[in-house]
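*Asks:* So here's coords-v1.txt (compact mmCIF, C-alpha atoms and all ligand atoms).
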# COMPACT_ATOMS: atom_id res chain seq x y z
CA MET A 292 -6.16 4.23 -23.26
CA PRO A 293 -7.30 1.74 -20.68
CA ALA A 294 -5.23 2.27 -17.56
CA ILE A 295 -6.64 1.45 -14.18
CA VAL A 296 -5.40 2.61 -10.82
CA LEU A 297 -5.81 0.21 -7.93
CA ILE A 298 -5.42 1.72 -4.48
CA GLY A 299 -5.96 0.96 -0.83
CA ALA A 300 -9.01 2.86 0.44
CA GLN A 301 -8.40 2.41 4.19
CA TRP A 302 -5.12 2.36 6.19
CA GLY A 303 -3.27 -0.14 3.98
CA ASP A 304 -3.22 -3.93 4.14
CA GLU A 305 -6.59 -4.16 2.39
CA GLY A 306 -5.52 -7.07 0.18
CA LYS A 307 -4.37 -5.10 -2.86
CA GLY A 308 -1.84 -7.80 -3.77
CA LYS A 309 -4.54 -10.36 -4.38
CA ILE A 310 -6.58 -8.00 -6.59
CA THR A 311 -3.51 -6.83 -8.50
CA ASP A 312 -2.65 -10.45 -9.16
CA PHE A 313 -6.24 -11.11 -10.23
CA LEU A 314 -6.38 -8.12 -12.61
CA ALA A 315 -2.80 -8.47 -13.85
CA GLU A 316 -4.01 -11.36 -15.98
CA LYS A 317 -5.94 -8.87 -18.12
CA ALA A 318 -3.19 -6.22 -18.23
CA GLN A 319 0.01 -6.07 -20.27
CA VAL A 320 1.84 -3.75 -17.88
CA VAL A 321 1.83 -3.59 -14.05
CA VAL A 322 3.33 -0.54 -12.34
CA ARG A 323 4.33 0.23 -8.74
CA TYR A 324 4.44 4.00 -8.40
CA GLN A 325 4.84 5.06 -4.74
CA GLY A 326 6.06 3.86 -1.36
CA GLY A 327 8.81 1.34 -0.92
CA ASN A 328 9.48 -1.74 1.11
CA ASN A 329 7.21 -0.44 3.86
CA ALA A 330 4.56 -2.24 1.80
CA GLY A 331 4.02 -5.97 1.83
CA HIS A 332 1.84 -7.99 -0.49
CA THR A 333 1.00 -11.60 0.16
CA ILE A 334 0.12 -13.61 -2.92
CA VAL A 335 -1.16 -17.16 -2.69
CA LEU A 336 -0.73 -19.29 -5.83
CA GLY A 337 -1.93 -22.81 -5.09
CA THR A 338 0.26 -24.08 -2.27
CA GLU A 339 2.90 -21.38 -2.80
CA VAL A 340 2.84 -18.23 -0.69
CA TYR A 341 4.90 -15.23 -1.84
CA LYS A 342 5.55 -12.11 0.18
CA LEU A 343 6.58 -9.17 -1.99
CA HIS A 344 7.67 -5.75 -0.78
CA LEU A 345 8.83 -3.96 -3.93
CA THR A 346 8.32 -6.19 -6.95
CA PRO A 347 5.02 -5.55 -8.76
CA SER A 348 2.59 -8.45 -8.34
CA GLY A 349 2.48 -8.88 -12.13
CA ILE A 350 5.88 -10.62 -11.92
CA PHE A 351 4.11 -14.01 -11.76
CA TYR A 352 2.95 -13.59 -15.36
CA PRO A 353 6.07 -13.97 -17.53
CA ASP A 354 4.53 -12.01 -20.42
CA LYS A 355 3.79 -8.81 -18.45
CA LEU A 356 6.02 -5.77 -18.30
CA CYS A 357 6.54 -4.96 -14.60
CA VAL A 358 7.63 -1.47 -13.65
CA ILE A 359 8.99 0.12 -10.49
CA ALA A 360 8.36 3.75 -11.40
CA ASN A 361 9.96 7.04 -10.41
CA GLY A 362 7.67 7.63 -7.41
CA VAL A 363 8.96 4.60 -5.52
CA VAL A 364 11.81 4.80 -2.99
CA LEU A 365 13.97 1.77 -3.57
CA ASP A 366 16.10 -0.16 -1.11
CA PRO A 367 18.42 -2.01 -3.52
CA ALA A 368 19.46 -4.76 -1.09
CA ILE A 369 15.82 -5.61 -0.42
CA LEU A 370 14.85 -5.59 -4.09
CA LEU A 371 17.83 -7.69 -5.17
CA ALA A 372 17.14 -10.27 -2.44
CA GLU A 373 13.49 -10.39 -3.50
CA LEU A 374 14.48 -10.97 -7.14
CA ASP A 375 17.01 -13.68 -6.16
CA ASN A 376 14.32 -15.40 -4.13
CA LEU A 377 11.79 -15.26 -6.97
CA ARG A 378 14.31 -16.67 -9.45
CA ALA A 379 15.25 -19.45 -7.01
CA ARG A 380 11.58 -20.42 -6.98
CA GLY A 381 11.38 -20.49 -10.76
CA VAL A 382 9.82 -17.05 -11.39
CA THR A 383 11.47 -15.08 -14.20
CA THR A 384 12.36 -11.47 -13.39
CA GLU A 385 13.56 -10.45 -16.86
CA ASN A 386 10.40 -8.45 -17.52
CA LEU A 387 11.10 -5.96 -14.71
CA ARG A 388 12.11 -2.35 -15.42
CA ILE A 389 13.09 0.23 -12.80
CA SER A 390 12.92 3.97 -13.31
CA ALA A 391 16.37 5.54 -13.40
CA ASN A 392 14.68 8.44 -11.57
CA ALA A 393 13.49 6.39 -8.60
CA HIS A 394 15.13 7.51 -5.36
CA VAL A 395 17.30 5.14 -3.37
CA ILE A 396 17.00 4.37 0.34
CA MET A 397 20.48 4.79 1.83
CA PRO A 398 21.83 3.39 5.13
CA TYR A 399 21.47 6.80 6.81
CA HIS A 400 17.77 6.88 5.89
CA ARG A 401 17.14 3.64 7.77
CA LEU A 402 19.22 4.82 10.73
CA LEU A 403 17.51 8.20 10.92
CA ASP A 404 14.07 6.62 10.62
CA GLU A 405 14.80 4.60 13.75
CA LEU A 406 16.51 7.40 15.68
CA GLU A 407 13.83 9.99 14.86
CA GLU A 408 11.08 7.56 15.76
CA ASN A 409 12.69 6.88 19.18
CA ALA A 410 13.11 10.60 19.73
CA ARG A 411 9.38 11.16 19.16
CA GLY A 412 8.59 9.37 22.41
CA ALA A 413 4.85 9.40 23.03
CA GLY A 414 4.28 11.01 19.63
CA LYS A 415 5.66 7.98 17.78
CA ILE A 416 4.21 7.41 14.31
CA GLY A 417 4.94 3.70 14.41
CA THR A 418 6.85 3.75 11.11
CA THR A 419 8.01 0.51 9.54
CA GLY A 420 11.62 1.60 10.17
CA ARG A 421 12.59 1.09 6.54
CA GLY A 422 13.89 4.62 5.95
CA ILE A 423 10.88 5.68 3.88
CA GLY A 424 10.24 9.12 5.43
CA PRO A 425 13.91 10.21 5.44
CA ALA A 426 14.35 9.06 1.81
CA TYR A 427 11.32 11.05 0.62
CA ARG A 428 12.51 14.02 2.67
CA ASP A 429 15.80 14.04 0.75
CA LYS A 430 13.92 13.72 -2.53
CA ILE A 431 11.81 16.78 -1.71
CA GLY A 432 14.90 18.55 -0.34
CA ARG A 433 16.72 17.85 -3.66
CA SER A 434 19.60 15.99 -2.07
CA GLY A 435 18.37 12.48 -2.85
CA ILE A 436 20.32 9.78 -4.65
CA ARG A 437 18.59 8.19 -7.63
CA VAL A 438 18.97 4.84 -9.34
CA GLN A 439 20.81 6.57 -12.20
CA ASP A 440 23.41 7.86 -9.69
CA LEU A 441 24.21 4.26 -8.71
CA LEU A 442 25.23 3.51 -12.28
CA GLU A 443 28.16 5.95 -12.28
CA THR A 444 30.62 5.54 -9.43
CA ASP A 445 31.98 9.10 -9.67
CA ALA A 446 28.55 10.66 -9.53
CA LEU A 447 27.60 8.36 -6.69
CA ALA A 448 30.74 9.20 -4.71
CA ALA A 449 30.05 12.93 -5.01
CA ARG A 450 26.41 12.53 -3.94
CA VAL A 451 27.26 10.28 -0.99
CA GLU A 452 29.97 12.66 0.25
CA GLU A 453 27.64 15.68 0.02
CA ASN A 454 24.97 13.81 1.93
CA LEU A 455 27.29 12.43 4.59
CA ALA A 456 28.53 15.92 5.45
CA GLU A 457 25.03 16.64 6.73
CA LYS A 458 23.95 13.18 7.88
CA ASN A 459 27.10 12.52 9.90
CA ALA A 460 26.67 15.85 11.68
CA LEU A 461 23.13 14.77 12.59
CA LEU A 462 24.21 11.28 13.63
CA THR A 463 27.12 12.40 15.78
CA LYS A 464 25.98 15.76 17.16
CA ILE A 465 22.25 15.19 17.65
CA TYR A 466 22.01 11.46 18.18
CA GLY A 467 25.48 10.67 19.61
CA ARG A 468 26.10 7.91 17.08
CA PRO A 469 29.31 7.10 15.21
CA PRO A 470 29.65 8.62 11.73
CA LEU A 471 29.08 6.54 8.58
CA ARG A 472 32.02 5.96 6.24
CA ALA A 473 31.64 7.19 2.67
CA GLU A 474 33.94 4.57 1.09
CA GLU A 475 31.90 1.66 2.44
CA ILE A 476 28.62 3.10 1.23
CA ILE A 477 30.04 3.96 -2.19
CA ALA A 478 31.44 0.45 -2.64
CA GLU A 479 28.22 -1.23 -1.48
CA TYR A 480 25.90 0.94 -3.56
CA SER A 481 27.96 0.92 -6.74
CA ALA A 482 27.84 -2.89 -6.54
CA TYR A 483 24.06 -2.63 -6.31
CA GLY A 484 24.15 -0.27 -9.28
CA ALA A 485 25.98 -2.86 -11.38
CA ARG A 486 23.30 -5.43 -10.59
CA LEU A 487 20.41 -3.00 -11.16
CA ALA A 488 21.80 -1.59 -14.44
CA PRO A 489 20.04 -4.13 -16.72
CA TYR A 490 16.71 -3.12 -15.25
CA ALA A 491 17.15 0.67 -15.27
CA ALA A 492 15.06 2.54 -17.86
CA ASP A 493 12.98 5.60 -18.68
CA THR A 494 9.84 3.92 -17.41
CA SER A 495 7.53 6.87 -18.14
CA LEU A 496 8.48 6.45 -21.81
CA LEU A 497 7.93 2.68 -21.71
CA ILE A 498 4.51 3.01 -20.07
CA ASN A 499 3.33 5.77 -22.40
CA GLU A 500 4.47 3.80 -25.48
CA ARG A 501 2.44 0.83 -24.27
CA LEU A 502 -0.60 3.03 -23.59
CA ALA A 503 -0.33 4.52 -27.07
CA ARG A 504 -0.45 0.99 -28.47
CA GLY A 505 -3.73 0.42 -26.64
CA GLU A 506 -2.24 -1.96 -24.08
CA ARG A 507 -3.78 -2.25 -20.64
CA VAL A 508 -1.81 -0.82 -17.75
CA LEU A 509 -2.50 -1.55 -14.11
CA PHE A 510 -1.14 0.94 -11.56
CA GLU A 511 -0.67 -0.83 -8.27
CA GLY A 512 -0.84 1.47 -5.24
CA ALA A 513 0.79 0.77 -1.91
CA GLN A 514 -0.46 1.69 1.60
CA GLY A 515 -3.88 3.35 1.64
CA ILE A 516 -5.68 6.67 1.29
CA MET A 517 -5.83 7.28 5.05
CA LEU A 518 -2.01 7.05 5.11
CA ASP A 519 -1.66 9.63 2.30
CA LEU A 520 0.73 12.47 3.11
CA ASP A 521 -1.79 15.11 2.00
CA HIS A 522 -5.15 13.43 2.57
CA GLY A 523 -4.54 10.99 5.41
CA THR A 524 -4.52 11.33 9.18
CA TYR A 525 -1.42 13.56 9.29
CA PRO A 526 1.12 13.24 10.92
CA PHE A 527 0.28 9.54 11.32
CA VAL A 528 0.78 8.89 7.62
CA THR A 529 3.41 7.63 5.24
CA SER A 530 5.54 10.05 3.22
CA SER A 531 4.05 9.46 -0.23
CA ASN A 532 0.69 9.83 -2.00
CA PRO A 533 -1.32 6.61 -2.06
CA VAL A 534 -4.35 8.49 -3.52
CA ALA A 535 -5.14 7.77 -7.17
CA GLY A 536 -3.48 11.00 -8.34
CA GLY A 537 -0.18 9.62 -7.05
CA ALA A 538 -0.12 7.29 -10.06
CA CYS A 539 0.32 10.24 -12.44
CA THR A 540 3.22 11.90 -10.65
CA GLY A 541 4.67 8.58 -9.53
CA ALA A 542 4.79 7.07 -13.01
CA GLY A 543 4.92 10.01 -15.42
CA VAL A 544 1.54 9.56 -17.11
CA GLY A 545 -1.30 12.02 -17.62
CA PRO A 546 -4.65 11.67 -15.82
CA MET A 547 -6.54 11.26 -19.11
CA CYS A 548 -5.17 7.74 -19.53
CA VAL A 549 -6.95 6.47 -16.43
CA SER A 550 -10.29 4.86 -17.20
CA ALA A 551 -11.08 3.36 -13.78
CA VAL A 552 -10.02 3.79 -10.17
CA LEU A 553 -10.52 0.72 -8.04
CA GLY A 554 -10.56 1.22 -4.27
CA VAL A 555 -9.71 -1.89 -2.27
CA LEU A 556 -11.34 -2.15 1.18
CA LYS A 557 -11.70 -4.90 3.70
CA ALA A 558 -15.19 -5.80 4.96
CA TYR A 559 -13.87 -4.46 8.27
CA THR A 560 -11.01 -2.04 9.07
CA THR A 561 -7.40 -2.43 10.22
CA ARG A 562 -4.56 -0.07 10.96
CA VAL A 563 -0.88 -0.66 11.84
CA GLY A 564 1.10 1.90 13.79
CA ALA A 565 -0.18 4.87 15.77
CA GLY A 566 -2.88 7.42 14.93
CA PRO A 567 -6.62 7.88 15.06
CA PHE A 568 -8.87 4.93 14.24
CA PRO A 569 -12.49 5.74 15.14
CA THR A 570 -13.98 2.24 14.79
CA GLU A 571 -11.17 0.38 16.57
CA LEU A 572 -12.35 -2.57 18.70
CA LEU A 573 -10.25 -3.09 21.79
CA ASP A 574 -12.35 -6.04 22.96
CA GLU A 575 -12.91 -9.71 22.15
CA LYS A 576 -14.49 -8.84 18.77
CA GLY A 577 -11.31 -7.01 17.72
CA GLU A 578 -9.22 -10.00 18.77
CA GLN A 579 -11.57 -12.33 16.89
CA LEU A 580 -11.13 -10.27 13.69
CA ARG A 581 -7.33 -10.21 14.18
CA GLN A 582 -7.04 -13.96 14.64
CA ARG A 583 -9.55 -14.96 11.97
CA GLY A 584 -8.24 -12.42 9.47
CA GLY A 585 -4.56 -13.21 10.18
CA GLU A 586 -4.07 -9.51 10.85
CA PHE A 587 -0.32 -9.43 11.42
CA GLY A 588 1.95 -7.28 9.22
CA THR A 589 3.66 -8.80 6.17
CA THR A 590 6.55 -6.37 6.60
CA THR A 591 7.04 -6.02 10.35
CA GLY A 592 4.91 -8.86 11.78
CA ARG A 593 3.16 -6.31 14.01
CA ALA A 594 -0.37 -7.12 15.19
CA ARG A 595 -2.81 -4.92 13.29
CA ARG A 596 -5.45 -2.91 15.14
CA CYS A 597 -8.92 -4.10 14.06
CA GLY A 598 -12.38 -2.53 13.98
CA TRP A 599 -15.73 -2.26 12.22
CA PHE A 600 -16.18 -1.03 8.65
CA ASP A 601 -16.11 2.76 8.55
CA ALA A 602 -18.35 4.15 5.81
CA VAL A 603 -17.21 7.72 6.55
CA VAL A 604 -13.69 6.64 5.56
CA ALA A 605 -15.03 4.81 2.49
CA ARG A 606 -16.92 7.90 1.32
CA TYR A 607 -13.89 10.10 1.94
CA ALA A 608 -11.69 7.70 -0.03
CA ALA A 609 -14.21 7.71 -2.85
CA ARG A 610 -14.08 11.51 -2.92
CA VAL A 611 -10.33 12.18 -2.77
CA SER A 612 -9.51 9.47 -5.29
CA GLY A 613 -12.60 9.52 -7.50
CA LEU A 614 -13.21 5.81 -7.01
CA SER A 615 -15.21 4.22 -9.82
CA HIS A 616 -15.33 0.72 -8.30
CA LEU A 617 -14.72 -1.03 -5.01
CA ALA A 618 -13.08 -4.37 -4.35
CA LEU A 619 -14.41 -5.65 -1.05
CA MET A 620 -11.99 -8.02 0.62
CA LYS A 621 -12.16 -10.72 3.28
CA LEU A 622 -15.94 -11.04 3.38
CA ASP A 623 -15.39 -14.61 4.58
CA ILE A 624 -13.81 -13.31 7.81
CA MET A 625 -17.19 -11.81 8.80
CA THR A 626 -18.82 -15.26 8.97
CA GLY A 627 -19.93 -15.90 12.56
CA ILE A 628 -18.95 -12.38 13.69
CA GLY A 629 -22.47 -10.87 13.59
CA PRO A 630 -24.41 -8.84 14.39
CA LEU A 631 -22.32 -6.50 12.26
CA LYS A 632 -21.82 -2.82 12.89
CA ILE A 633 -21.14 -0.19 10.24
CA CYS A 634 -20.01 3.30 11.15
CA THR A 635 -22.09 5.91 9.32
CA GLY A 636 -20.97 9.07 11.13
CA TYR A 637 -18.99 10.53 14.03
CA ARG A 638 -20.75 12.09 17.03
CA LEU A 639 -18.98 15.04 18.66
CA PRO A 640 -19.31 15.84 22.39
CA ASN A 641 -21.78 18.67 21.57
CA GLY A 642 -24.08 16.15 19.85
CA THR A 643 -23.28 17.15 16.25
CA VAL A 644 -22.95 14.16 13.93
CA LEU A 645 -20.32 14.47 11.20
CA THR A 646 -20.86 12.49 8.04
CA GLU A 647 -17.72 13.79 6.31
CA PHE A 648 -14.23 12.87 7.55
CA PRO A 649 -12.92 15.81 9.65
CA LEU A 650 -9.60 17.37 8.68
CA SER A 651 -8.70 18.20 12.27
CA ALA A 652 -6.98 15.50 14.33
CA ARG A 653 -8.33 17.19 17.47
CA VAL A 654 -11.93 16.93 16.24
CA LEU A 655 -11.37 13.34 15.17
CA SER A 656 -9.97 12.41 18.58
CA GLN A 657 -13.23 13.56 20.21
CA ALA A 658 -15.48 11.77 17.73
CA ALA A 659 -17.44 8.68 18.74
CA PRO A 660 -18.61 6.40 15.94
CA VAL A 661 -22.32 6.26 15.15
CA TYR A 662 -23.21 2.70 14.19
CA GLU A 663 -25.99 0.97 12.37
CA GLU A 664 -26.35 -2.74 12.91
CA MET A 665 -27.02 -5.54 10.44
CA PRO A 666 -27.59 -9.24 11.00
CA GLY A 667 -24.58 -11.49 10.42
CA TRP A 668 -24.43 -14.98 8.90
CA ASP A 669 -22.89 -18.28 9.98
CA GLU A 670 -22.54 -20.07 6.64
CA ASP A 671 -19.06 -20.68 5.23
CA VAL A 672 -18.78 -18.49 2.12
CA THR A 673 -15.29 -19.51 0.99
CA GLY A 674 -16.66 -21.87 -1.66
CA VAL A 675 -19.12 -19.35 -3.12
CA ARG A 676 -18.27 -18.17 -6.66
CA GLU A 677 -21.35 -16.08 -7.59
CA PHE A 678 -22.68 -13.09 -5.69
CA ALA A 679 -26.21 -14.51 -5.92
CA ASP A 680 -25.09 -17.60 -3.99
CA LEU A 681 -23.95 -15.69 -0.91
CA PRO A 682 -26.19 -15.97 2.17
CA PRO A 683 -28.87 -13.21 2.03
CA ALA A 684 -27.35 -11.42 5.06
CA ALA A 685 -23.91 -11.32 3.38
CA ARG A 686 -25.44 -9.91 0.18
CA ALA A 687 -27.36 -7.31 2.17
CA TYR A 688 -24.13 -6.32 4.00
CA VAL A 689 -22.24 -5.82 0.72
CA LEU A 690 -25.11 -3.86 -0.83
CA ARG A 691 -25.30 -1.59 2.22
CA LEU A 692 -21.54 -0.94 2.19
CA GLU A 693 -21.57 0.05 -1.48
CA GLU A 694 -24.64 2.20 -0.93
CA LEU A 695 -22.95 4.06 1.93
CA ALA A 696 -19.68 4.43 0.00
CA GLY A 697 -21.59 5.57 -3.08
CA VAL A 698 -19.48 3.28 -5.28
CA PRO A 699 -20.37 -0.16 -6.67
CA ALA A 700 -18.46 -3.22 -5.43
CA ALA A 701 -17.19 -4.82 -8.63
CA LEU A 702 -15.10 -7.52 -6.94
CA ILE A 703 -15.72 -9.37 -3.68
CA ALA A 704 -13.14 -11.67 -2.11
CA VAL A 705 -14.21 -14.70 -0.08
CA GLY A 706 -10.73 -16.14 0.46
CA PRO A 707 -7.08 -15.59 -0.45
CA GLU A 708 -6.94 -17.64 -3.69
CA ARG A 709 -7.34 -16.13 -7.17
CA GLU A 710 -10.56 -18.05 -7.81
CA GLN A 711 -12.12 -16.97 -4.49
CA THR A 712 -13.14 -13.71 -6.14
CA LEU A 713 -16.74 -12.88 -7.07
CA VAL A 714 -16.98 -10.64 -10.11
CA ARG A 715 -19.94 -8.24 -10.26
CA GLY A 716 -18.72 -5.69 -12.76
CA LYS A 717 -16.20 -5.22 -15.53
CA ILE A 718 -13.20 -3.06 -14.73
CA PHE A 719 -11.02 -3.45 -17.80
CA GLU A 720 -13.17 -3.00 -20.89
P1 LIG B 801 6.44 4.53 7.07
O1 LIG B 801 5.76 4.42 5.76
O2 LIG B 801 7.36 3.39 7.38
O3 LIG B 801 7.11 5.87 7.26
O4 LIG B 801 5.32 4.46 8.22
C1 LIG B 801 4.36 5.49 8.41
C2 LIG B 801 3.00 4.90 8.80
O5 LIG B 801 2.46 4.19 7.71
C3 LIG B 801 3.05 3.90 9.96
O6 LIG B 801 1.85 4.02 10.71
C4 LIG B 801 3.08 2.55 9.26
O7 LIG B 801 2.56 1.52 10.08
C5 LIG B 801 2.16 2.84 8.09
N1 LIG B 801 2.44 1.98 6.93
C6 LIG B 801 3.44 2.10 6.04
N2 LIG B 801 3.35 1.16 5.08
C7 LIG B 801 2.26 0.44 5.38
C8 LIG B 801 1.62 -0.65 4.72
O8 LIG B 801 2.03 -1.15 3.68
N3 LIG B 801 0.49 -1.11 5.33
C9 LIG B 801 -0.02 -0.56 6.45
N4 LIG B 801 0.54 0.46 7.08
C10 LIG B 801 1.67 0.97 6.55
Spell out the structure here as structure tokens.
*Replies:*
Amino acid sequence: MPAIVLIGAQWGDEGKGKITDFLAEKAQVVVRYQGGNNAGHTIVLGTEVYKLHLTPSGIFYPDKLCVIANGVVLDPAILLAELDNLRARGVTTENLRISANAHVIMPYHRLLDELEENARGAGKIGTTGRGIGPAYRDKIGRSGIRVQDLLETDALAARVEENLAEKNALLTKIYGRPPLRAEEIIAEYSAYGARLAPYAADTSLLINERLARGERVLFEGAQGIMLDLDHGTYPFVTSSNPVAGGACTGAGVGPMCVSAVLGVLKAYTTRVGAGPFPTELLDEKGEQLRQRGGEFGTTTGRARRCGWFDAVVARYAARVSGLSHLALMKLDIMTGIGPLKICTGYRLPNGTVLTEFPLSARVLSQAAPVYEEMPGWDEDVTGVREFADLPPAARAYVLRLEELAGVPAALIAVGPEREQTLVRGKIFE
């Protein structure tokens, strides 16, 4: 049963959209299984640039089944606008299915995300403000509203009223805001329900039927391992599980169906929002990476923090997700940046060097990166199509990164287009 899980192995924004699009060609089913419209994928098809937040990247292949699975939190207005936009540009959306069990982001989730974030003051997480954390909190707290609730107005009305009893108390008594009106929310969301109804399905059943037929399924992760609720740099994380295991709970499939786990990493590191980032460059080099790499958020437009490649993070990602392959992105951005530094460990004030990612935020905040240096290259690599044709220094850099991560780099990107992808190993058999 050849399913592969594709995940971000840093702090998100690694370029997963491009690799999903590249691999989707060989899959029959593409599944989004966690996160929501906090994610943003940019896909370049010739002269067309698409920015997707919820729709699986497989949507550009009309013959693929695209699934938004139960683990996603769905903002219906955002999804419907995205689908309208795709259709207006000639992309069919008929092959999309949405889990009836996916939880819905409600207006109070977005409001509370913003109010809670402001209340955190100096301890701000730097969330995307899309209501992601509050929506997952209601899911875990068993008060969430699911896609199936939108399909029945009576059920929806009851759920909204129950929720507003609590949310309006929070809004008015804690945050001094006006209460939300149940009737307006019920009317708005039942209208969304009517438009989403043709897409709603038991997506776990659909995916498992396809797997049983021997079809190839691509699970498309959002965010990255270092933003994982359990394994990331808590509390500066998102509220879902971007690790590979998240695909099983988030889509309703068993782990035995997964034959490969592909970790996507940039040839350097970026992070959006607050939280520890050991190899961050606050100097000219960081600015150079940001400008050359176009490191500004797809979702919020925020400038991304930039730094050197962190092999401690790569090894940690390989461990907690059992990576079988790497996809190394944006190698072209490193042209002319050299000499290149790679972080191989963290030095603590007492001189100890850690080679495993520490679980304690306090320890991490005291850690200074230990670097090894490699020569850079000045040749343009964007036209290269075979690994062997890369400049020797670029090849040596890739080989060193995979050696330090302990995982082979099967795909290497030298530009944003589909064909700017060097293939070194088979992922789908
Ligand atoms: P939230 O997911 O909006 O709650 O944000 C929590 C943290 O995750 C913040 O630091 C965000 O910047 C970060 N984050 C969420 N989604 C993404 C993403 O797709 N790429 C990069 N960072 C993200």
*Asks:* What does the distance from atom CA of Trp668 of chain A to atom CA of Leu556 of chain A come to in Å, to one decimal?
*Replies:* 19.9 Å
*Asks:* If the limit is 7 Å from any atom of ligand LIG 801 (chain B), counting all atoms listed in the file, which residues qualify? Return them as a ChimeraX atom specification.
*Replies:* /A:302-304,329-331,416-424,513-514,518,527-530,562-565
*Asks:* Between atom CA of Gly667 of chain A and atom CA of Met625 of chain A, what is the distance, to one decimal in Å?
*Replies:*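 Interatomic distance here is 7.6 Å.
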*Asks:* Just to confirm, what's the straight-line distance from atom CA of Asn532 of chain A to atom CA of Leu496 of chain A in Å (one decimal)?
*Replies:*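 Rounded to one decimal, the two atoms are 21.6 Å apart.
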*Asks:* Out of A:Ala478, A:Lys307, A:Pro666, A:Ile498, which residue has the shortest atom-to-atom distance to Ala684 of chain A when counting all atoms listed in the file?
*Replies:* A:Pro666
*Asks:* Of the candidates A:Ala503, A:Ile359, A:Leu336, A:Cys634, which one gets nearest to Val603 of chain A if we count all atoms listed in the file?
*Replies:*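 For Val603 of chain A, the nearest of the given residues is A:Cys634.
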*Asks:* Quick one: of A:Thr524, A:Ser612, A:Thr643, A:Gln579, who's nearest to Val549 of chain A, counting all atoms listed in the file?
*Replies:* A:Ser612
*Asks:* Quick one: residues within 10 Å of Glu385 of chain A, all atoms listed in the file counted, chain neighbours fewer than 4 positions away excluded, as a PDB file with C-alpha atoms, in the frame of the given file?
*Replies:*
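result_5.pdb written:
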ATOM      1  CA  ILE A 350       5.880 -10.620 -11.920  1.00  0.00           C
ATOM      2  CA  PRO A 353       6.070 -13.970 -17.530  1.00  0.00           C
ATOM      3  CA  ASP A 354       4.530 -12.010 -20.420  1.00  0.00           C
ATOM      4  CA  LEU A 356       6.020  -5.770 -18.300  1.00  0.00           C
ATOM      5  CA  CYS A 357       6.540  -4.960 -14.600  1.00  0.00           C
ATOM      6  CA  LEU A 374      14.480 -10.970  -7.140  1.00  0.00           C
ATOM      7  CA  ARG A 378      14.310 -16.670  -9.450  1.00  0.00           C
ATOM      8  CA  PRO A 489      20.040  -4.130 -16.720  1.00  0.00           C
ATOM      9  CA  TYR A 490      16.710  -3.120 -15.250  1.00  0.00           C
TER      10      TYR A 490
END
*Asks:* Just checking: using all atoms listed in the file, which residue out of A:Glu575, A:Asp429, A:Glu663, A:Asp312 ends up closest to Glu511 of chain A?
*Replies:*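 Residue with the minimum atom-to-atom distance to Glu511 of chain A: A:Asp312.
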